[in-house]
Structures are given as structure tokens and as C-alpha cells.
file final.cif (mmCIF, C-alpha atoms)
data_structure
#
loop_
_atom_site.label_atom_id
_atom_site.label_comp_id
_atom_site.auth_asym_id
_atom_site.auth_seq_id
_atom_site.Cartn_x
_atom_site.Cartn_y
_atom_site.Cartn_z
CA VAL A 967 20.09 -13.14 -6.05
CA ARG A 968 19.02 -15.60 -3.39
CA TYR A 969 17.07 -18.80 -3.80
CA LEU A 970 14.66 -20.22 -1.30
CA GLU A 971 17.26 -22.51 0.19
CA GLU A 972 19.45 -19.54 0.94
CA PHE A 973 16.97 -17.90 3.24
CA GLU A 974 16.67 -18.82 6.88
CA PRO A 975 14.86 -17.43 9.87
CA ALA A 976 16.43 -14.48 11.65
CA GLN A 977 18.31 -13.31 8.58
CA LYS A 978 18.20 -9.55 8.31
CA PHE A 979 18.61 -7.37 5.27
CA ALA A 980 19.15 -3.64 5.23
CA SER A 981 18.37 -1.15 2.50
CA GLY A 982 20.03 2.03 1.43
CA ARG A 983 18.50 5.38 2.23
CA LEU A 984 16.09 7.50 0.29
CA SER A 985 15.64 11.21 0.87
CA VAL A 986 12.14 12.58 0.66
CA GLU A 987 11.81 15.74 -1.39
CA ALA A 988 8.95 18.21 -1.10
CA ALA A 989 8.56 18.47 -4.87
CA ARG A 990 8.06 14.72 -5.21
CA ILE A 991 5.64 14.63 -2.28
CA LYS A 992 3.53 17.14 -4.16
CA SER A 993 3.83 15.68 -7.65
CA PHE A 994 3.04 12.16 -6.42
CA ALA A 995 0.01 13.53 -4.60
CA THR A 996 -1.12 15.47 -7.64
CA GLU A 997 -1.37 12.22 -9.57
CA PHE A 998 -2.50 9.78 -6.90
CA ASP A 999 -3.68 11.48 -3.72
CA PRO A 1000 -4.62 15.11 -4.36
CA GLN A 1001 -5.55 16.15 -0.84
CA PRO A 1002 -4.45 19.55 0.51
CA PHE A 1003 -2.08 18.23 3.20
CA HIS A 1004 -0.11 16.34 0.54
CA LEU A 1005 0.01 19.26 -1.90
CA ASP A 1006 0.81 22.43 -0.04
CA GLU A 1007 2.72 23.42 3.11
CA ASP A 1008 0.26 26.09 4.19
CA ARG A 1009 -2.77 23.92 3.77
CA GLY A 1010 -0.90 21.11 5.49
CA ARG A 1011 -0.35 23.29 8.55
CA GLY A 1012 -4.07 23.65 9.06
CA SER A 1013 -4.65 19.91 8.75
CA PHE A 1014 -4.40 16.84 10.91
CA PHE A 1015 -0.77 16.57 9.83
CA LYS A 1016 0.25 20.08 10.96
CA GLY A 1017 2.38 20.38 7.85
CA LEU A 1018 3.11 18.88 4.46
CA ALA A 1019 3.03 15.07 4.63
CA ALA A 1020 3.66 12.47 1.96
CA SER A 1021 0.74 10.38 0.80
CA GLY A 1022 0.68 6.97 2.43
CA SER A 1023 0.71 5.52 -1.08
CA HIS A 1024 3.91 7.43 -1.74
CA ALA A 1025 5.46 6.18 1.50
CA ALA A 1026 4.54 2.62 0.57
CA ALA A 1027 5.97 3.04 -2.93
CA MET A 1028 9.24 4.42 -1.56
CA THR A 1029 9.40 1.45 0.79
CA MET A 1030 9.07 -0.87 -2.18
CA ARG A 1031 11.85 0.98 -3.95
CA LEU A 1032 14.16 0.54 -0.98
CA LEU A 1033 13.19 -3.10 -0.60
CA VAL A 1034 13.79 -3.97 -4.26
CA ALA A 1035 17.21 -2.31 -4.11
CA SER A 1036 18.12 -3.99 -0.83
CA GLU A 1037 20.15 -7.15 -0.33
CA LEU A 1038 17.02 -9.28 0.02
CA LYS A 1039 16.91 -10.11 -3.70
CA PRO A 1040 14.83 -13.28 -3.92
CA ALA A 1041 15.56 -14.99 -7.23
CA ASP A 1042 12.13 -14.67 -8.79
CA GLY A 1043 11.48 -11.25 -7.44
CA ILE A 1044 9.49 -9.66 -4.67
CA ILE A 1045 5.89 -10.53 -5.31
CA GLY A 1046 3.13 -10.37 -2.77
CA VAL A 1047 -0.55 -11.07 -2.63
CA GLY A 1048 -1.15 -8.77 0.28
CA PHE A 1049 -0.46 -7.49 3.73
CA ASP A 1050 -2.15 -8.40 6.95
CA GLU A 1051 -0.86 -5.49 8.95
CA MET A 1052 0.40 -2.34 7.32
CA ARG A 1053 0.81 0.83 9.33
CA TRP A 1054 1.76 4.43 8.86
CA PRO A 1055 2.62 5.28 12.46
CA ARG A 1056 4.18 8.65 11.61
CA PRO A 1057 3.88 11.09 8.73
CA VAL A 1058 6.68 11.08 6.15
CA ARG A 1059 7.91 14.60 5.59
CA ARG A 1060 10.28 16.56 3.38
CA GLY A 1061 13.88 15.96 4.35
CA ASP A 1062 13.18 12.61 5.96
CA GLU A 1063 15.55 9.80 5.07
CA LEU A 1064 13.81 6.46 4.79
CA HIS A 1065 15.32 3.04 5.09
CA VAL A 1066 13.91 -0.45 5.38
CA GLU A 1067 14.95 -3.35 7.55
CA THR A 1068 13.76 -6.82 6.65
CA GLU A 1069 13.86 -9.87 8.85
CA VAL A 1070 13.05 -13.40 7.74
CA LEU A 1071 10.65 -14.82 10.28
CA GLU A 1072 9.78 -18.13 8.66
CA ILE A 1073 10.48 -20.12 5.50
CA ARG A 1074 7.69 -22.10 3.95
CA ALA A 1075 7.53 -23.84 0.60
CA SER A 1076 4.53 -23.20 -1.60
CA LYS A 1077 1.64 -25.60 -1.88
CA ILE A 1078 1.02 -24.45 -5.42
CA SER A 1079 2.97 -25.24 -8.53
CA ALA A 1080 4.52 -22.57 -10.69
CA GLY A 1081 1.97 -20.31 -12.28
CA SER A 1082 -1.08 -22.08 -11.03
CA GLY A 1083 -1.88 -19.45 -8.47
CA ARG A 1084 -2.20 -16.61 -10.92
CA ASP A 1085 -5.61 -15.10 -11.45
CA GLN A 1086 -7.33 -17.63 -9.28
CA GLY A 1087 -8.74 -14.96 -7.04
CA LYS A 1088 -8.44 -17.37 -4.13
CA ASP A 1089 -5.90 -15.42 -2.26
CA ASP A 1090 -6.07 -17.56 0.82
CA ASP A 1091 -4.61 -20.38 -1.18
CA VAL A 1092 -1.82 -18.44 -2.81
CA GLU A 1093 1.31 -18.95 -0.85
CA SER A 1094 4.97 -18.62 -1.56
CA GLU A 1095 6.09 -19.54 -5.00
CA ARG A 1096 8.79 -22.12 -5.52
CA ARG A 1097 9.88 -23.61 -8.75
CA ALA A 1098 13.03 -25.25 -10.02
CA GLY A 1099 15.23 -23.80 -7.39
CA ALA A 1100 13.93 -20.27 -7.30
CA GLY A 1101 11.34 -18.13 -5.72
CA LEU A 1102 10.06 -16.21 -2.80
CA CYS A 1103 6.82 -14.38 -2.28
CA TRP A 1104 5.37 -12.44 0.54
CA GLN A 1105 2.73 -14.34 2.35
CA PRO A 1106 -0.27 -12.44 3.55
CA ASP A 1107 -0.92 -14.78 6.41
CA ARG A 1108 2.60 -14.52 7.70
CA ALA A 1109 4.01 -11.86 9.90
CA ALA A 1110 7.01 -11.10 7.71
CA PRO A 1111 5.62 -8.19 5.71
CA THR A 1112 4.66 -6.50 8.93
CA ALA A 1113 8.14 -6.85 10.26
CA PHE A 1114 9.67 -4.62 7.69
CA LEU A 1115 6.82 -2.26 7.05
CA ARG A 1116 6.61 -1.34 10.66
CA ARG A 1117 10.18 -0.21 10.40
CA ILE A 1118 9.70 2.52 7.89
CA ALA A 1119 11.01 5.33 9.99
CA ARG A 1120 13.18 8.32 10.05
CA PRO A 1121 16.52 7.68 11.71
CA ALA A 1122 16.14 7.95 15.45
CA VAL B 811 -17.87 17.07 1.55
CA ARG B 812 -19.42 14.90 4.23
CA TYR B 813 -19.12 15.22 7.98
CA LEU B 814 -19.13 12.36 10.41
CA GLU B 815 -22.82 12.73 11.12
CA GLU B 816 -23.58 12.29 7.45
CA PHE B 817 -22.14 8.80 7.26
CA GLU B 818 -24.10 5.75 8.21
CA PRO B 819 -23.60 2.02 7.91
CA ALA B 820 -24.41 0.42 4.57
CA GLN B 821 -23.82 3.61 2.62
CA LYS B 822 -21.99 2.88 -0.59
CA PHE B 823 -19.87 5.16 -2.70
CA ALA B 824 -18.66 4.49 -6.20
CA SER B 825 -15.68 5.92 -8.01
CA GLY B 826 -15.06 6.79 -11.60
CA ARG B 827 -12.87 4.61 -13.76
CA LEU B 828 -9.18 4.75 -14.43
CA SER B 829 -7.56 3.14 -17.44
CA VAL B 830 -4.20 1.50 -16.92
CA GLU B 831 -1.60 2.37 -19.52
CA ALA B 832 1.48 0.31 -20.27
CA ALA B 833 3.74 3.35 -20.34
CA ARG B 834 2.67 4.37 -16.82
CA ILE B 835 3.05 0.81 -15.52
CA LYS B 836 6.65 0.93 -16.68
CA SER B 837 7.51 4.45 -15.58
CA PHE B 838 6.02 3.92 -12.13
CA ALA B 839 8.00 0.70 -11.81
CA THR B 840 11.19 2.39 -12.96
CA GLU B 841 10.93 4.76 -10.03
CA PHE B 842 9.44 2.56 -7.33
CA ASP B 843 9.50 -1.13 -8.20
CA PRO B 844 12.07 -1.87 -10.90
CA GLN B 845 11.49 -5.58 -11.33
CA PRO B 846 11.43 -7.13 -14.82
CA PHE B 847 7.76 -8.15 -14.83
CA HIS B 848 6.77 -4.52 -14.16
CA LEU B 849 9.11 -3.07 -16.79
CA ASP B 850 8.94 -5.14 -19.94
CA GLU B 851 6.36 -7.29 -21.71
CA ASP B 852 8.83 -9.94 -22.82
CA ARG B 853 10.42 -10.33 -19.44
CA GLY B 854 6.97 -10.35 -17.91
CA ARG B 855 5.98 -13.30 -20.06
CA GLY B 856 8.69 -15.42 -18.52
CA SER B 857 7.70 -14.47 -15.00
CA PHE B 858 5.15 -15.49 -12.41
CA PHE B 859 2.80 -12.94 -13.97
CA LYS B 860 2.97 -14.35 -17.52
CA GLY B 861 3.02 -10.83 -18.87
CA LEU B 862 3.48 -7.20 -17.93
CA ALA B 863 1.84 -6.44 -14.59
CA ALA B 864 1.56 -3.21 -12.64
CA SER B 865 3.45 -2.93 -9.40
CA GLY B 866 1.26 -3.54 -6.39
CA SER B 867 2.34 -0.11 -5.16
CA HIS B 868 1.04 1.37 -8.39
CA ALA B 869 -2.25 -0.48 -8.04
CA ALA B 870 -2.62 0.80 -4.49
CA ALA B 871 -1.82 4.35 -5.59
CA MET B 872 -4.38 4.21 -8.40
CA THR B 873 -6.90 2.97 -5.86
CA MET B 874 -6.20 5.98 -3.69
CA ARG B 875 -6.65 8.25 -6.69
CA LEU B 876 -10.06 6.76 -7.41
CA LEU B 877 -11.05 6.91 -3.77
CA VAL B 878 -10.08 10.55 -3.34
CA ALA B 879 -12.05 11.49 -6.45
CA SER B 880 -15.06 9.41 -5.42
CA GLU B 881 -18.19 10.62 -3.68
CA LEU B 882 -16.90 9.51 -0.28
CA LYS B 883 -15.33 12.92 0.50
CA PRO B 884 -14.99 13.00 4.29
CA ALA B 885 -14.64 16.62 5.37
CA ASP B 886 -11.14 16.44 6.77
CA GLY B 887 -9.85 14.14 4.12
CA ILE B 888 -9.03 10.50 3.74
CA ILE B 889 -6.35 9.73 6.28
CA GLY B 890 -5.46 6.29 7.50
CA VAL B 891 -3.00 4.79 9.91
CA GLY B 892 -2.99 1.42 8.23
CA PHE B 893 -4.67 -1.60 6.79
CA ASP B 894 -5.35 -4.88 8.46
CA GLU B 895 -6.07 -6.79 5.29
CA MET B 896 -4.89 -5.61 1.91
CA ARG B 897 -4.85 -7.97 -1.05
CA TRP B 898 -3.82 -8.04 -4.66
CA PRO B 899 -5.86 -11.04 -5.79
CA ARG B 900 -5.18 -10.47 -9.49
CA PRO B 901 -2.51 -8.67 -11.50
CA VAL B 902 -3.38 -5.24 -12.87
CA ARG B 903 -2.55 -5.09 -16.56
CA ARG B 904 -2.43 -2.64 -19.44
CA GLY B 905 -5.90 -1.80 -20.68
CA ASP B 906 -7.57 -2.68 -17.40
CA GLU B 907 -10.14 -0.22 -16.13
CA LEU B 908 -10.10 0.11 -12.37
CA HIS B 909 -12.84 1.34 -10.14
CA VAL B 910 -13.41 1.34 -6.40
CA GLU B 911 -16.50 0.60 -4.38
CA THR B 912 -16.64 1.73 -0.79
CA GLU B 913 -19.10 0.61 1.83
CA VAL B 914 -19.46 2.10 5.29
CA LEU B 915 -19.48 -0.77 7.74
CA GLU B 916 -19.45 1.10 11.03
CA ILE B 917 -19.26 4.62 12.41
CA ARG B 918 -17.25 5.28 15.49
CA ALA B 919 -16.20 8.55 17.08
CA SER B 920 -12.56 9.01 17.97
CA LYS B 921 -11.27 8.63 21.47
CA ILE B 922 -8.53 11.13 20.76
CA SER B 923 -8.79 14.86 20.48
CA ALA B 924 -7.72 16.72 17.36
CA GLY B 925 -4.05 16.41 16.69
CA SER B 926 -3.17 14.39 19.73
CA GLY B 927 -2.69 11.20 17.79
CA ARG B 928 -0.02 12.54 15.48
CA ASP B 929 3.48 11.22 15.84
CA GLN B 930 2.67 9.22 18.92
CA GLY B 931 3.84 6.02 17.31
CA LYS B 932 1.16 4.18 19.24
CA ASP B 933 -0.82 3.14 16.25
CA ASP B 934 -3.15 0.91 18.19
CA ASP B 935 -4.46 3.97 19.95
CA VAL B 936 -4.94 6.11 16.89
CA GLU B 937 -8.54 5.93 15.85
CA SER B 938 -10.84 8.04 13.78
CA GLU B 939 -10.39 11.74 13.98
CA ARG B 940 -13.29 13.98 14.89
CA ARG B 941 -13.19 17.60 15.65
CA ALA B 942 -15.64 20.47 15.57
CA GLY B 943 -18.03 18.81 13.24
CA ALA B 944 -15.60 17.30 10.78
CA GLY B 945 -13.53 14.29 10.19
CA LEU B 946 -13.19 10.73 9.14
CA CYS B 947 -10.20 8.45 9.15
CA TRP B 948 -9.67 4.88 8.21
CA GLN B 949 -9.37 2.65 11.15
CA PRO B 950 -6.87 -0.14 10.95
CA ASP B 951 -8.78 -2.35 13.32
CA ARG B 952 -11.99 -2.05 11.37
CA ALA B 953 -12.99 -4.03 8.38
CA ALA B 954 -13.87 -1.04 6.21
CA PRO B 955 -10.58 -0.62 4.35
CA THR B 956 -10.73 -4.24 3.36
CA ALA B 957 -14.17 -3.82 1.99
CA PHE B 958 -13.13 -1.46 -0.71
CA LEU B 959 -9.63 -2.67 -1.33
CA ARG B 960 -10.84 -6.13 -2.05
CA ARG B 961 -12.96 -4.65 -4.76
CA ILE B 962 -10.20 -3.33 -6.93
CA ALA B 963 -10.97 -5.31 -10.01
CA ARG B 964 -11.42 -5.18 -13.68
CA PRO B 965 -15.04 -5.06 -14.74
CA ALA B 966 -16.46 -8.56 -14.73
#
call {"tool": "encode", "arguments": {"input": "final.cif", "output": "C-alpha cells"}}
result
Amino acid sequence: VRYLEEFEPAQKFASGRLSVEAARIKSFATEFDPQPFHLDEDRGRGSFFKGLAASGSHAAAMTMRLLVASELKPADGIIGVGFDEMRWPRPVRRGDELHVETEVLEIRASKISAGSGRDQGKDDDVESERRAGAGLCWQPDRAAPTAFLRRIARPA
Amino acid sequence: VRYLEEFEPAQKFASGRLSVEAARIKSFATEFDPQPFHLDEDRGRGSFFKGLAASGSHAAAMTMRLLVASELKPADGIIGVGFDEMRWPRPVRRGDELHVETEVLEIRASKISAGSGRDQGKDDDVESERRAGAGLCWQPDRAAPTAFLRRIARPA
């Protein structure tokens, strides 16, 4: 794991790869996003997507999986209070291989003490978490989350 | 279902409720976000969350489920190219009941013709989809997605 002091701007972390399977596209959609273009190839063809496409929620969840398993590994975990810019520029399809690239754009210590930000509902005040030598959170007012989420993509 | 002409600003749509179960918090996390505070009560207690908390990806997916099943029902489905402001102001925990409230803030016809926005990778140009009397998409540069996502919450 890495502690706050071990991160610095311009560091990059890569993930492994995750193959997208049609069966999981459909079963995820059945539970969380049961729309025809996420459930069935034929109905997908007649849709905006022109084929079966993974739910955006599924794509986001797979991204999280890759990120958690990547070399980023902040000591207290990957915890975020939000995103300011999240995009699905292309559909995720069966057979795609996803990977995530993360770049540290800025390091900033938290203004809040450990635990005090929980359940406050004042998300503008919740910043990165730092306590006794450990911690990193996504910051919704920073560009960092964008940097990696924009890079969800099939290999070129 | 509803077509574009049937939406107007200030319309509100409510969802049903979805109960959050500990077993699903853990199984979702096992697949997509295997961090201790999403997997185990005891390890959650020692974390930022002070207890077991659902993955943010899981919370977002449950939100989508509620939204798809709600009365919103745009004719061509709920399709989005992104969010400009997505927040998790409070942890989602076992026993919580989630619901979603949606409010239409603005109606805008698409500048693109059916299908032409797919796979362009120019997300700033992808706007709402409208074709032959049907269609609604989220628009990343509009405030609407924020409006409902901010309202994921346990009953007051």
C-alpha cells in the first residue's frame, strides 16, 4: 500500500485487463439496468447502440474493480465522495478488454480530521482523508477522477 | 413510455423503494470493489465508514435500477453520456431503503441525428437523442442528472 507521502504529481498507475462477457452484460443489466439494449443482441441492434452494450453502471463498476486491483493502493482505501466529470464516450461491448490508467494530478491534505466528515452531508467540505500516516480519497472538486475515468477504453 | 413532447420542465417522477441487504453489499463488493469496508462488518468498523458500507458503484447501480423502474420511462430508454456532478454524500448501509426522485429541469432537442453520435468519442457534442417521435438522453452538461442523483438518500 501507499501512504499520502508516497504519492506525487505525475505518478501514473496502470491496471490489469478485464474482458467483458456477454453473459455478464446481460445478468448485470437484469439486476440493475433492465433495458433492451443491455439485455439482448437483437433488441440492441434496433437501438441507439446498434448492438448489445453494457450498462453504464456496469462499466463504472468494472472500472472500480480494475482500479482497486491496480498499483494505486492508497493505504486507507479508495473512497470518494463524488465525480465532477464522468463520461461514457463509447459503448462497452462483449469481447472488449478494459483497463484503467490513473495519473496523480495533485496532492492535498485534508482539512478534516479522521472520521469527522462522515455523514455530514456537506460534501463540499469533505476532502481527502489523512490520519496518522495513511489515507487518500478522491476529491470531487479535483480533476483526478476525470483523468482516469476518461481513459476507460478498448485498446486502440 | 413517454416521448420527448410529453416531458416538460418541473415534472417530477418518483421511484419505488429498494432495500439494501448486507449479503448483496458484500457480494457486489467481492466482484467489483473488494475493499474491507465493503466486505466485512468488523473491518468496516475500523475504517473511515465506521461500519459496513455499500460500494459507491453498487449505490449508483441501485439508483439506476430504481430509475429504470420509475415512471420516467423515456421512449427510447435512459441513455447517458456522463455526469457532471455525482455525489455520495452519505454511506449506503444494510437496511437502508433507497428511492430516487427525478425532476425535469429543461427540455432540449438533439443537434445530432439518430445514431450519428455513437462511437464518435466527442462527448461534448453528444446531446439528447431524438428521432421520429421518440427519445430522451441524459445530458452531461445539464443539471438534471445531478438533481436526482443528489437525492439518493435514506428516508428522513
call {"tool": "atom_distance", "arguments": {"input": "final.cif", "atom1": "atom CA of Asp852 of chain B", "atom2": "atom CA of Ala839 of chain B"}}
result
15.3 Å
call {"tool": "atom_distance", "arguments": {"input": "final.cif", "atom1": "atom CA of Ala988 of chain A", "atom2": "atom CA of Ala885 of chain B"}}
result
24.5 Å
call {"tool": "residues_around", "arguments": {"input": "final.cif", "residues": "Pro819 of chain B", "least_positions_apart": "2", "cutoff": "8 Å", "atoms": "all atoms listed in the file", "output": "JSON, numbers by chain"}}
result
{"B": [817, 821, 913, 914, 915, 916, 917]}
call {"tool": "write_last_selection", "arguments": {"input": "final.cif", "atoms": "C-alpha atoms", "output": "mmCIF file, in the coordinates of the input"}}
result
data_model
loop_
_atom_site.group_PDB
_atom_site.id
_atom_site.type_symbol
_atom_site.label_atom_id
_atom_site.label_comp_id
_atom_site.auth_asym_id
_atom_site.auth_seq_id
_atom_site.Cartn_x
_atom_site.Cartn_y
_atom_site.Cartn_z
ATOM 1 C CA PHE B 817 -22.140 8.800 7.260
ATOM 2 C CA GLN B 821 -23.820 3.610 2.620
ATOM 3 C CA GLU B 913 -19.100 0.610 1.830
ATOM 4 C CA VAL B 914 -19.460 2.100 5.290
ATOM 5 C CA LEU B 915 -19.480 -0.770 7.740
ATOM 6 C CA GLU B 916 -19.450 1.100 11.030
ATOM 7 C CA ILE B 917 -19.260 4.620 12.410
#
call {"tool": "closest_residue", "arguments": {"input": "final.cif", "among": "A:Met1052, A:Val1066, A:Ala1025, A:Ala1020", "to": "chain B", "atoms": "all atoms listed in the file"}}
result
A:Met1052
call {"tool": "atom_distance", "arguments": {"input": "final.cif", "atom1": "atom CA of Arg968 of chain A", "atom2": "atom CA of Ser981 of chain A"}}
result
15.6 Å
call {"tool": "residues_around", "arguments": {"input": "final.cif", "residues": "Gly826 of chain B", "least_positions_apart": "4", "cutoff": "10 Å", "atoms": "all atoms listed in the file", "output": "MDAnalysis selection string"}}
result
chainID B and resid 875:877 879:881 907:911
call {"tool": "closest_residue", "arguments": {"input": "final.cif", "among": "A:Ser1023, A:Met1028, A:Ile991, A:Thr1068", "to": "Gly890 of chain B", "atoms": "only C-alpha atoms"}}
result
A:Ser1023
call {"tool": "closest_residue", "arguments": {"input": "final.cif", "among": "A:Asp1042, A:Glu987, A:Glu974, A:Glu1007", "to": "chain B", "atoms": "all atoms listed in the file"}}
result
A:Asp1042
call {"tool": "resolve_selection", "arguments": {"input": "final.cif", "expression": "the PyMOL selection byres ((chain A and resi 1013) around 10)", "output": "PDB file with C-alpha atoms, in the coordinates of the input"}}
result
ATOM      1  CA  PRO A1002      -4.450  19.550   0.510  1.00  0.00           C
ATOM      2  CA  PHE A1003      -2.080  18.230   3.200  1.00  0.00           C
ATOM      3  CA  GLU A1007       2.720  23.420   3.110  1.00  0.00           C
ATOM      4  CA  ASP A1008       0.260  26.090   4.190  1.00  0.00           C
ATOM      5  CA  ARG A1009      -2.770  23.920   3.770  1.00  0.00           C
ATOM      6  CA  GLY A1010      -0.900  21.110   5.490  1.00  0.00           C
ATOM      7  CA  ARG A1011      -0.350  23.290   8.550  1.00  0.00           C
ATOM      8  CA  GLY A1012      -4.070  23.650   9.060  1.00  0.00           C
ATOM      9  CA  PHE A1014      -4.400  16.840  10.910  1.00  0.00           C
ATOM     10  CA  PHE A1015      -0.770  16.570   9.830  1.00  0.00           C
ATOM     11  CA  LYS A1016       0.250  20.080  10.960  1.00  0.00           C
ATOM     12  CA  GLY A1017       2.380  20.380   7.850  1.00  0.00           C
ATOM     13  CA  LEU A1018       3.110  18.880   4.460  1.00  0.00           C
ATOM     14  CA  ALA A1019       3.030  15.070   4.630  1.00  0.00           C
TER      15      ALA A1019
ATOM     16  CA  ASP B 886     -11.140  16.440   6.770  1.00  0.00           C
ATOM     17  CA  GLY B 887      -9.850  14.140   4.120  1.00  0.00           C
ATOM     18  CA  ALA B 924      -7.720  16.720  17.360  1.00  0.00           C
ATOM     19  CA  GLY B 925      -4.050  16.410  16.690  1.00  0.00           C
TER      20      GLY B 925
END
call {"tool": "resolve_selection", "arguments": {"input": "final.cif", "expression": "the PyMOL selection byres ((chain B and resi 838) around 9)", "output": "NGL selection string"}}
result
:B and (833-837 or 839-844 or 848-849 or 864-865 or 867-868)
call {"tool": "resolve_selection", "arguments": {"input": "final.cif", "expression": "the PyMOL selection byres ((chain B and resi 898) around 8)", "output": "PDB file with C-alpha atoms, keeping the file's coordinate frame"}}
result
ATOM      1  CA  GLY A1046       3.130 -10.370  -2.770  1.00  0.00           C
ATOM      2  CA  VAL A1047      -0.550 -11.070  -2.630  1.00  0.00           C
ATOM      3  CA  GLY A1048      -1.150  -8.770   0.280  1.00  0.00           C
TER       4      GLY A1048
ATOM      5  CA  GLY B 866       1.260  -3.540  -6.390  1.00  0.00           C
ATOM      6  CA  MET B 896      -4.890  -5.610   1.910  1.00  0.00           C
ATOM      7  CA  ARG B 897      -4.850  -7.970  -1.050  1.00  0.00           C
ATOM      8  CA  PRO B 899      -5.860 -11.040  -5.790  1.00  0.00           C
ATOM      9  CA  ARG B 900      -5.180 -10.470  -9.490  1.00  0.00           C
ATOM     10  CA  PRO B 901      -2.510  -8.670 -11.500  1.00  0.00           C
ATOM     11  CA  ARG B 960     -10.840  -6.130  -2.050  1.00  0.00           C
TER      12      ARG B 960
END
call {"tool": "closest_residue", "arguments": {"input": "final.cif", "among": "A:Ala980, A:Val967, A:Met1030, A:Val986", "to": "chain B", "atoms": "all atoms listed in the file"}}
result
A:Met1030
call {"tool": "closest_residue", "arguments": {"input": "final.cif", "among": "A:Ile1045, A:Val1058, A:Ala1027, A:Ala976", "to": "chain B", "atoms": "all atoms listed in the file"}}
result
A:Ala1027
call {"tool": "axis_aligned_box", "arguments": {"input": "final.cif", "around": "segment 1041-1054 of chain A", "padding_each_side": "5 Å", "output": "AutoDock Vina command-line options"}}
result
--center_x 6.7 --center_y -5.3 --center_z 0.3 --size_x 27.7 --size_y 29.4 --size_z 28.1
call {"tool": "closest_residue", "arguments": {"input": "final.cif", "among": "B:Ile888, B:Lys822, B:Glu815, B:Leu828", "to": "chain A", "atoms": "only C-alpha atoms"}}
result
B:Ile888
